[in-house]
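Asker: The structure under discussion is supplied below as structure tokens; questions concerning it will follow.
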Amino acid sequence: MRKKLILKVLVLAVLLPALFISCTKSASLTGSGSTSGGSFSGSLNGSVNGGLSPIVGALVSLLVAGNTTPLATATTNSTGAFTLSFTNPGGSSLLYVTVAGGNAGSRTNSNIQLGAMLGVTSNTPSSIAVNEATTAAFFNVAYNYGGLQDANGTVTFPAVNSSGNTNMTAQYNNLITNGSLNGSLSTTNQNILATMGNSIAACVENSSNCSTLFNNSLNTNQSAAVSIQDALYNMVNATANVTNLYPLAASVAANTGFTMSGANQTLLNILPIVTNQTFTAGGSPQGIAIDSSGNFWTTNFTSGNSVTKFSPTGAILGTFSGLHQPEGIAIDANGNVWVANSQTNQSSVSEFNSSGTLLGTFSVGQANVASRVVAIDPNGNIWVTAELIGVIEFNPSGTILGTFSLPAGAGKPRAIAIDASANVWVNTFDSGNTIKFSSSGVPLLTVNTGGGMGEAIDASGNAWVLTSGSVAKANPSGTVLGTFTVKSSALSGIAMDANGNIWAACTSANTVSKLNSSGAVLGSFSAGSAPIDLAIDSSGNLWVTNRTSNALTEIPGATLGPQFFPYTSQQFPVGGF
């Protein structure tokens with residue numbers, strides 16, 4: 001009987017938060033208060049996350065079970081953090097937190113509803129984390145002990161007696177710390193709990209996924225859910241079709257390289273399911289770079305002979321001409337934009353300021369060579385690869401500091417990347433060699449990585465080089481650590497996210513692929529028409545130039561995760577089931 005009840009609770013949880021009351025009551029926010037014996041001193045600090053991404057601008061409400069008027073409210077800041085100041089009612093009532101709305105990384109989403117339990121008022125933590133996992137745990141235990149009620153899609157949480165509050169607190173603590181009920185949870189129930197959290201994440205991260213969640217969370221009259229809390233209530237009452245939600249949840253997990261089986265998926269890792277955004281760009285956009293304000297700059301290669309500047313949301317801010325088949329692009333610490341002109345009778349690099357004014361065009365010192373790719377070193381100097389020459393170093397004023405030839409037989413230089421020690425790595429697209437130069441232009445080593453069109457350096461100083469359908473990894477000493485197959489066709493652009501994952505564009509397949517730091521391919525994602533270069537913004541969104549469709553594609557939240565949820569250490573009495 002007990003096992004059946006547990007399973008029903010978990011099945012129920014397949015969806016989202018409850019008790020998310022949209023309140024506008026203001027809160028008095030102060031610094032963190034001290035605690036005594038685990039109780040509040042009028043202050044609660046916390047953070048709200050959708051997977052790894054902080055949820056910005058969300059309304060946080062602190063409530064007592066059985067009372068819809070919040071003790072306090074606050075709005076999350078740019079890191080998802082909040083502080084609530086309030087008067088603790090004391091006694092053995094149950095406190096909980098709800099979250100409504102906000103931006104989880106792919107635009108503001110009014111569907112967001114999350115929750116977390118604090119515990120009885122006489123013994124609660126001074127900080128709390130709120131995310132999909134805490135929401136899943138909260139709804140399971142609230143249904144099991146709290147007698148959740150749903151009227152026309154609005155879920156309420158009635159008051160419970162002292163014993164029930166203690167049991168709920170204990171069970172909730174077990175779920176968020178162990179992923180189990182008293183240390184034991186069947187594989188079936190673990191997978192149901194994982195389904196719930198992953199389904200929530202899909203809706204939280206992008207509202208376009210919410211309809212799948214709602215349409216498979218029918219009530220007893222076979223009507224679709226109208227909100228996340230309504231969907232979750234239907235699930236815990238076993239009226240929703242859990243099986244139909246598995247594809248949605250499994251696709252979230254699968255995109256991170258995980259499967260939906262096994263005990264370790266209980267408190268899950270999440271890569272958001274998102275809908276690509278497409279923005280009109282200039283003529284045949286190729287190179288892409290992001291400035292310190294989050295604006296995007298793309299080179300318009302075959303027509304326009306220009307660069308286009310976009311806002312962080314994809315709006316065109318200006319198109320600036322004066323170039324000659326611009327290809328590579330980089331932005332220095334002063335916000336100046338440097339562009340390589342690949343037209344062979346120009347042989348130059350051009351500089352714009354942040355407003356798009358052309359500051360100068362500087363010859364690479366030899367006629368009839370194609371300037372390809374630009375990179376900025378830690379000293380602010382500009383390095384440009386030029387066919388038939390090698391690599392040229394300019395100072396910020398456009399004066400050539402040095403021209404450095406590749407070793408004999410090394411091939412034609414193409415991509416360039418600079419490591420934290422200011423060493424310059426240049427790879428060639430015809431011979432398969434990658435050459436490492438010192439910051440003064442001295443060749444340090446040559447390694448055969450297979451050649452290609454792109455290169456990136458990770459935090460450990462390893463070079464990742466695109467080859468024909470593969471990505472090669474070489475350590476700082478020039479030893480090839482592995483070559484990892486990605487596609488059957490050639491790869492073009494490459495980028496590295498903050499988690500050390502590698503992203504590679506395959507122009508002919510219209511996709512981008514994600515690899516982890518060990519070279520395992522974690523997924524392949526649609527990326528518009530002929531994706532050729534990549535950049536990642538500070539919010540974890542992936543931006544891709546589409547050369548043949550004159551467009552820029554955004555994959556919102558693509559680089560987030562896989563990461564474990566941040567949990568807060570909480571001490572509760574153990575008991576319950």
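Residue names in the structure tokens use chain letters A, B, ... in the order shown, residue numbers from 1 in each chain, and ligand numbers from 1 in the order shown.
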Could you please write out, as an mmCIF file with C-alpha atoms, in the first residue's frame, every residue of segment 204-235 of chain A that DSSP assigns to helix (DSSP H, G or I)?
Answerer:
```cif
data_model
loop_
_atom_site.group_PDB
_atom_site.id
_atom_site.type_symbol
_atom_site.label_atom_id
_atom_site.label_comp_id
_atom_site.auth_asym_id
_atom_site.auth_seq_id
_atom_site.Cartn_x
_atom_site.Cartn_y
_atom_site.Cartn_z
ATOM 1 C CA VAL A 204 10.781 26.547 -18.127
ATOM 2 C CA GLU A 205 13.600 27.092 -20.581
ATOM 3 C CA SER A 207 7.600 28.426 -23.540
ATOM 4 C CA SER A 208 7.138 26.749 -26.923
ATOM 5 C CA ASN A 209 7.631 23.392 -25.193
ATOM 6 C CA CYS A 210 4.854 23.981 -22.664
ATOM 7 C CA SER A 211 2.039 22.885 -24.968
ATOM 8 C CA THR A 212 3.411 19.325 -25.088
ATOM 9 C CA LEU A 213 3.504 19.309 -21.326
ATOM 10 C CA PHE A 214 -0.027 20.684 -20.954
ATOM 11 C CA ASN A 215 -1.607 18.547 -23.687
ATOM 12 C CA ILE A 228 2.519 24.094 -15.003
ATOM 13 C CA GLN A 229 0.953 23.800 -11.556
ATOM 14 C CA ASP A 230 -2.270 22.511 -13.070
ATOM 15 C CA ALA A 231 -0.323 19.984 -15.145
ATOM 16 C CA LEU A 232 1.572 18.819 -12.112
ATOM 17 C CA TYR A 233 -1.605 18.411 -10.105
ATOM 18 C CA ASN A 234 -3.075 16.285 -12.889
ATOM 19 C CA MET A 235 0.048 14.157 -12.939
#
```
Asker: Just give me the gap between atom CA of Lys412 of chain A and atom CA of Val373 of chain A in Å, one decimal is fine.
Answerer: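 Separation of atom CA of Lys412 of chain A and atom CA of Val373 of chain A: 12.2 Å.
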Asker: Could you jot down the atom CA of Gly42 of chain A to atom CA of Gly119 of chain A separation for me, Å, one decimal place?
Answerer: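 Taking atom CA of Gly42 of chain A and atom CA of Gly119 of chain A, their separation equals 15.1 Å.
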Asker: In Å to one decimal, how far is atom CA of Gly50 of chain A from atom CA of Asn109 of chain A?
Answerer: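 These two atoms are separated by 11.5 Å.
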Asker: Which residues are near segment 496-501 of chain A? Cut-off 6 Å, only C-alpha atoms, ignore same chain within fewer than 5 positions. Put them as an mmCIF file with N, CA, C and O atoms, in the first residue's frame.
Answerer:
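File written: around-v9.cif
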```cif
data_model
loop_
_atom_site.group_PDB
_atom_site.id
_atom_site.type_symbol
_atom_site.label_atom_id
_atom_site.label_comp_id
_atom_site.auth_asym_id
_atom_site.auth_seq_id
_atom_site.Cartn_x
_atom_site.Cartn_y
_atom_site.Cartn_z
ATOM 1 N N LEU A 515 30.522 18.540 -28.567
ATOM 2 C CA LEU A 515 31.399 17.513 -28.027
ATOM 3 C C LEU A 515 31.795 17.915 -26.613
ATOM 4 O O LEU A 515 31.960 19.104 -26.316
ATOM 5 N N ASN A 516 31.971 16.938 -25.736
ATOM 6 C CA ASN A 516 32.499 17.269 -24.422
ATOM 7 C C ASN A 516 34.024 17.296 -24.463
ATOM 8 O O ASN A 516 34.641 17.071 -25.508
ATOM 9 N N SER A 517 34.649 17.571 -23.330
ATOM 10 C CA SER A 517 36.096 17.746 -23.289
ATOM 11 C C SER A 517 36.862 16.455 -23.543
ATOM 12 O O SER A 517 38.072 16.491 -23.757
#
```
Asker: Fewer than 6 positions away in the same chain doesn't count, so skip those; otherwise give me all residues within 10 Å of Ser405 of chain A, counting only C-alpha atoms, as an NGL selection string.
Answerer: :A and (386 or 388-392 or 413 or 441-443)
Asker: Save the residues we just selected, N, CA, C and O atoms, as a JSON list (two decimals), in the first residue's frame?
Answerer:
```
[["chain", "number", "residue", "atom", "x", "y", "z"],
["A", 386, "ALA", "N", 47.64, 35.15, -43.43],
["A", 386, "ALA", "CA", 47.65, 35.59, -44.82],
["A", 386, "ALA", "C", 48.29, 34.51, -45.67],
["A", 386, "ALA", "O", 49.44, 34.11, -45.43],
["A", 388, "LEU", "N", 50.28, 32.56, -48.46],
["A", 388, "LEU", "CA", 51.57, 32.80, -49.12],
["A", 388, "LEU", "C", 52.54, 33.60, -48.26],
["A", 388, "LEU", "O", 53.71, 33.75, -48.63],
["A", 389, "ILE", "N", 52.07, 34.08, -47.11],
["A", 389, "ILE", "CA", 52.97, 34.82, -46.22],
["A", 389, "ILE", "C", 53.19, 34.05, -44.92],
["A", 389, "ILE", "O", 54.31, 33.66, -44.59],
["A", 390, "GLY", "N", 52.14, 33.84, -44.19],
["A", 390, "GLY", "CA", 52.22, 33.22, -42.87],
["A", 390, "GLY", "C", 51.27, 33.93, -41.93],
["A", 390, "GLY", "O", 50.07, 34.00, -42.18],
["A", 391, "VAL", "N", 51.80, 34.52, -40.89],
["A", 391, "VAL", "CA", 50.98, 35.24, -39.92],
["A", 391, "VAL", "C", 51.63, 36.59, -39.66],
["A", 391, "VAL", "O", 52.86, 36.69, -39.54],
["A", 392, "ILE", "N", 50.80, 37.65, -39.61],
["A", 392, "ILE", "CA", 51.30, 39.01, -39.43],
["A", 392, "ILE", "C", 50.77, 39.57, -38.12],
["A", 392, "ILE", "O", 49.59, 39.39, -37.78],
["A", 413, "PRO", "N", 48.23, 29.02, -44.37],
["A", 413, "PRO", "CA", 47.59, 29.29, -43.08],
["A", 413, "PRO", "C", 46.13, 29.68, -43.24],
["A", 413, "PRO", "O", 45.74, 30.35, -44.18],
["A", 441, "GLY", "N", 56.71, 35.43, -32.17],
["A", 441, "GLY", "CA", 56.70, 34.94, -33.54],
["A", 441, "GLY", "C", 57.67, 33.82, -33.84],
["A", 441, "GLY", "O", 57.86, 33.48, -35.01],
["A", 442, "VAL", "N", 58.27, 33.22, -32.82],
["A", 442, "VAL", "CA", 59.21, 32.12, -33.03],
["A", 442, "VAL", "C", 58.43, 30.81, -33.13],
["A", 442, "VAL", "O", 57.65, 30.49, -32.22],
["A", 443, "PRO", "N", 58.58, 30.02, -34.22],
["A", 443, "PRO", "CA", 57.90, 28.72, -34.30],
["A", 443, "PRO", "C", 58.40, 27.79, -33.21],
["A", 443, "PRO", "O", 59.60, 27.56, -33.05]]
```
Asker: If we count only C-alpha atoms, what is near segment 57-69 of chain A at a cut-off of 7 Å, once residues fewer than 2 positions away on the same chain are taken out, given as a PyMOL selection string?
Answerer: chain A and resi 55+71-77+93-103+157-159
Asker: If you keep all heavy atoms, can you produce a file of those selected residues as a compact mmCIF listing (two decimals), in the first residue's frame?
Answerer:
```
# COMPACT_ATOMS: atom_id res chain seq x y z
N ILE A 55 17.37 32.25 -13.31
CA ILE A 55 16.12 32.83 -13.79
C ILE A 55 16.07 34.27 -13.29
O ILE A 55 16.05 34.53 -12.09
CB ILE A 55 14.91 32.03 -13.32
CG1 ILE A 55 14.98 30.60 -13.87
CG2 ILE A 55 13.61 32.70 -13.75
CD1 ILE A 55 13.81 29.71 -13.47
N LEU A 71 4.21 36.21 3.05
CA LEU A 71 4.90 36.92 4.13
C LEU A 71 5.82 37.98 3.55
O LEU A 71 6.07 39.01 4.18
CB LEU A 71 5.73 35.93 4.95
CG LEU A 71 4.98 34.89 5.78
CD1 LEU A 71 5.97 33.94 6.44
CD2 LEU A 71 4.09 35.57 6.81
N ALA A 72 6.36 37.71 2.35
CA ALA A 72 7.24 38.67 1.69
C ALA A 72 7.39 38.25 0.23
O ALA A 72 7.17 37.08 -0.11
CB ALA A 72 8.61 38.72 2.36
N THR A 73 7.74 39.20 -0.62
CA THR A 73 8.04 38.91 -2.02
C THR A 73 9.32 39.63 -2.42
O THR A 73 9.74 40.59 -1.78
CB THR A 73 6.89 39.35 -2.96
OG1 THR A 73 6.74 40.78 -2.87
CG2 THR A 73 5.59 38.66 -2.62
N ALA A 74 9.92 39.13 -3.47
CA ALA A 74 11.14 39.76 -4.02
C ALA A 74 11.25 39.37 -5.49
O ALA A 74 10.57 38.46 -5.96
CB ALA A 74 12.38 39.31 -3.24
N THR A 75 12.11 40.07 -6.21
CA THR A 75 12.38 39.77 -7.62
C THR A 75 13.83 39.34 -7.76
O THR A 75 14.72 39.98 -7.19
CB THR A 75 12.11 41.01 -8.50
OG1 THR A 75 10.74 41.41 -8.33
CG2 THR A 75 12.36 40.69 -9.96
N THR A 76 14.07 38.27 -8.49
CA THR A 76 15.44 37.77 -8.65
C THR A 76 16.27 38.73 -9.49
O THR A 76 15.78 39.36 -10.43
CB THR A 76 15.45 36.39 -9.32
OG1 THR A 76 14.78 36.46 -10.58
CG2 THR A 76 14.75 35.36 -8.45
N ASN A 77 17.58 38.82 -9.14
CA ASN A 77 18.48 39.71 -9.87
C ASN A 77 19.12 38.98 -11.05
O ASN A 77 18.69 37.89 -11.43
CB ASN A 77 19.53 40.30 -8.92
CG ASN A 77 20.48 39.24 -8.35
OD1 ASN A 77 20.56 38.12 -8.86
ND2 ASN A 77 21.18 39.59 -7.28
N SER A 93 3.83 25.79 11.75
CA SER A 93 3.30 25.94 10.40
C SER A 93 4.39 25.63 9.39
O SER A 93 5.59 25.65 9.70
CB SER A 93 2.78 27.36 10.19
OG SER A 93 1.71 27.65 11.06
N LEU A 94 3.99 25.38 8.15
CA LEU A 94 4.95 25.03 7.11
C LEU A 94 5.18 26.23 6.18
O LEU A 94 4.22 26.83 5.68
CB LEU A 94 4.45 23.85 6.29
CG LEU A 94 5.48 23.27 5.33
CD1 LEU A 94 6.49 22.41 6.08
CD2 LEU A 94 4.82 22.45 4.23
N LEU A 95 6.45 26.56 5.95
CA LEU A 95 6.82 27.63 5.03
C LEU A 95 7.28 27.05 3.70
O LEU A 95 7.95 26.01 3.66
CB LEU A 95 7.94 28.49 5.61
CG LEU A 95 7.62 29.37 6.82
CD1 LEU A 95 8.87 30.09 7.28
CD2 LEU A 95 6.51 30.36 6.50
N TYR A 96 6.93 27.72 2.61
CA TYR A 96 7.42 27.30 1.30
C TYR A 96 7.60 28.54 0.42
O TYR A 96 7.11 29.63 0.74
CB TYR A 96 6.47 26.30 0.65
CG TYR A 96 5.09 26.81 0.32
CD1 TYR A 96 4.79 27.30 -0.95
CD2 TYR A 96 4.07 26.77 1.27
CE1 TYR A 96 3.52 27.75 -1.27
CE2 TYR A 96 2.80 27.21 0.97
CZ TYR A 96 2.52 27.71 -0.30
OH TYR A 96 1.26 28.14 -0.60
N VAL A 97 8.33 28.36 -0.68
CA VAL A 97 8.62 29.44 -1.61
C VAL A 97 8.07 29.07 -2.97
O VAL A 97 8.17 27.92 -3.41
CB VAL A 97 10.15 29.68 -1.71
CG1 VAL A 97 10.49 30.56 -2.91
CG2 VAL A 97 10.66 30.33 -0.44
N THR A 98 7.46 30.04 -3.66
CA THR A 98 7.05 29.84 -5.04
C THR A 98 7.75 30.87 -5.92
O THR A 98 8.12 31.96 -5.47
CB THR A 98 5.53 29.99 -5.21
OG1 THR A 98 5.14 31.34 -4.97
CG2 THR A 98 4.80 29.04 -4.29
N VAL A 99 7.92 30.51 -7.19
CA VAL A 99 8.56 31.39 -8.18
C VAL A 99 7.64 31.46 -9.39
O VAL A 99 7.14 30.43 -9.86
CB VAL A 99 9.94 30.85 -8.59
CG1 VAL A 99 10.52 31.66 -9.75
CG2 VAL A 99 10.88 30.88 -7.40
N ALA A 100 7.45 32.66 -9.92
CA ALA A 100 6.58 32.83 -11.08
C ALA A 100 7.24 33.76 -12.09
O ALA A 100 7.77 34.81 -11.72
CB ALA A 100 5.23 33.40 -10.66
N GLY A 101 7.20 33.35 -13.38
CA GLY A 101 7.71 34.19 -14.46
C GLY A 101 9.22 34.31 -14.46
O GLY A 101 9.94 33.54 -13.82
N GLY A 102 9.73 35.28 -15.23
CA GLY A 102 11.16 35.51 -15.33
C GLY A 102 11.74 34.99 -16.63
O GLY A 102 11.04 34.47 -17.51
N ASN A 103 13.04 35.14 -16.76
CA ASN A 103 13.78 34.76 -17.97
C ASN A 103 14.82 33.71 -17.61
O ASN A 103 15.75 33.98 -16.86
CB ASN A 103 14.45 35.99 -18.58
CG ASN A 103 15.10 35.72 -19.92
OD1 ASN A 103 15.50 34.59 -20.20
ND2 ASN A 103 15.22 36.74 -20.74
N PHE A 157 -2.54 24.99 -1.44
CA PHE A 157 -1.85 24.12 -0.51
C PHE A 157 -2.43 24.36 0.88
O PHE A 157 -2.05 25.30 1.56
CB PHE A 157 -0.36 24.47 -0.54
CG PHE A 157 0.52 23.56 0.24
CD1 PHE A 157 0.10 22.30 0.66
CD2 PHE A 157 1.81 23.95 0.57
CE1 PHE A 157 0.93 21.46 1.37
CE2 PHE A 157 2.66 23.12 1.28
CZ PHE A 157 2.22 21.88 1.69
N PRO A 158 -3.40 23.53 1.32
CA PRO A 158 -4.05 23.76 2.62
C PRO A 158 -3.08 23.57 3.78
O PRO A 158 -2.02 22.95 3.65
CB PRO A 158 -5.14 22.68 2.65
CG PRO A 158 -5.31 22.24 1.23
CD PRO A 158 -3.97 22.40 0.60
N ALA A 159 -3.47 24.11 4.90
CA ALA A 159 -2.68 23.91 6.11
C ALA A 159 -2.73 22.45 6.54
O ALA A 159 -3.72 21.75 6.31
CB ALA A 159 -3.22 24.79 7.24
```
Asker: Calculated over only C-alpha atoms, which of the candidates A:Val339, A:Val120, A:Ile331, A:Val426 has the smallest distance to Gly380 of chain A?
Answerer: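 Ranked by minimum distance to Gly380 of chain A, first place goes to A:Ile331.
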Asker: For a quick check of understanding, using only C-alpha atoms, which of A:Glu351, A:Glu455, A:Gln113, A:Leu522 has the smallest distance to Thr485 of chain A?
Answerer: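 Residue with the minimum atom-to-atom distance to Thr485 of chain A: A:Leu522.
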Asker: Using only C-alpha atoms, which residues sit within 10 Å of segment 456-465 of chain A once same-chain residues fewer than 3 positions away are excluded, as a VMD selection string?
Answerer: chain A and resid 415 to 421 423 425 to 428 432 to 434 436 449 to 453 470 to 483 491 493 to 504 517 519
Asker: Quick one: everything within 6 Å of Ser311 of chain A, counting only C-alpha atoms, minus sequence neighbours fewer than 3 positions away in the same chain. Send it as a PyMOL selection string.
Answerer: chain A and resi 295+314-315
Asker: Save out the residues we just selected, N, CA and C atoms, as a PDB file, in the first residue's frame.
Answerer:
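Below is the file result.pdb, written as the result:
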```pdb
ATOM      1  N   ASN A 295      26.733  42.904 -28.192  1.00  0.00           N
ATOM      2  CA  ASN A 295      26.337  43.095 -29.584  1.00  0.00           C
ATOM      3  C   ASN A 295      27.106  42.130 -30.481  1.00  0.00           C
ATOM      4  N   GLY A 314      19.262  40.408 -31.587  1.00  0.00           N
ATOM      5  CA  GLY A 314      19.234  40.118 -33.011  1.00  0.00           C
ATOM      6  C   GLY A 314      18.752  41.238 -33.903  1.00  0.00           C
ATOM      7  N   ALA A 315      18.507  42.430 -33.360  1.00  0.00           N
ATOM      8  CA  ALA A 315      18.084  43.560 -34.193  1.00  0.00           C
ATOM      9  C   ALA A 315      19.300  44.193 -34.858  1.00  0.00           C
TER      10      ALA A 315
END
```
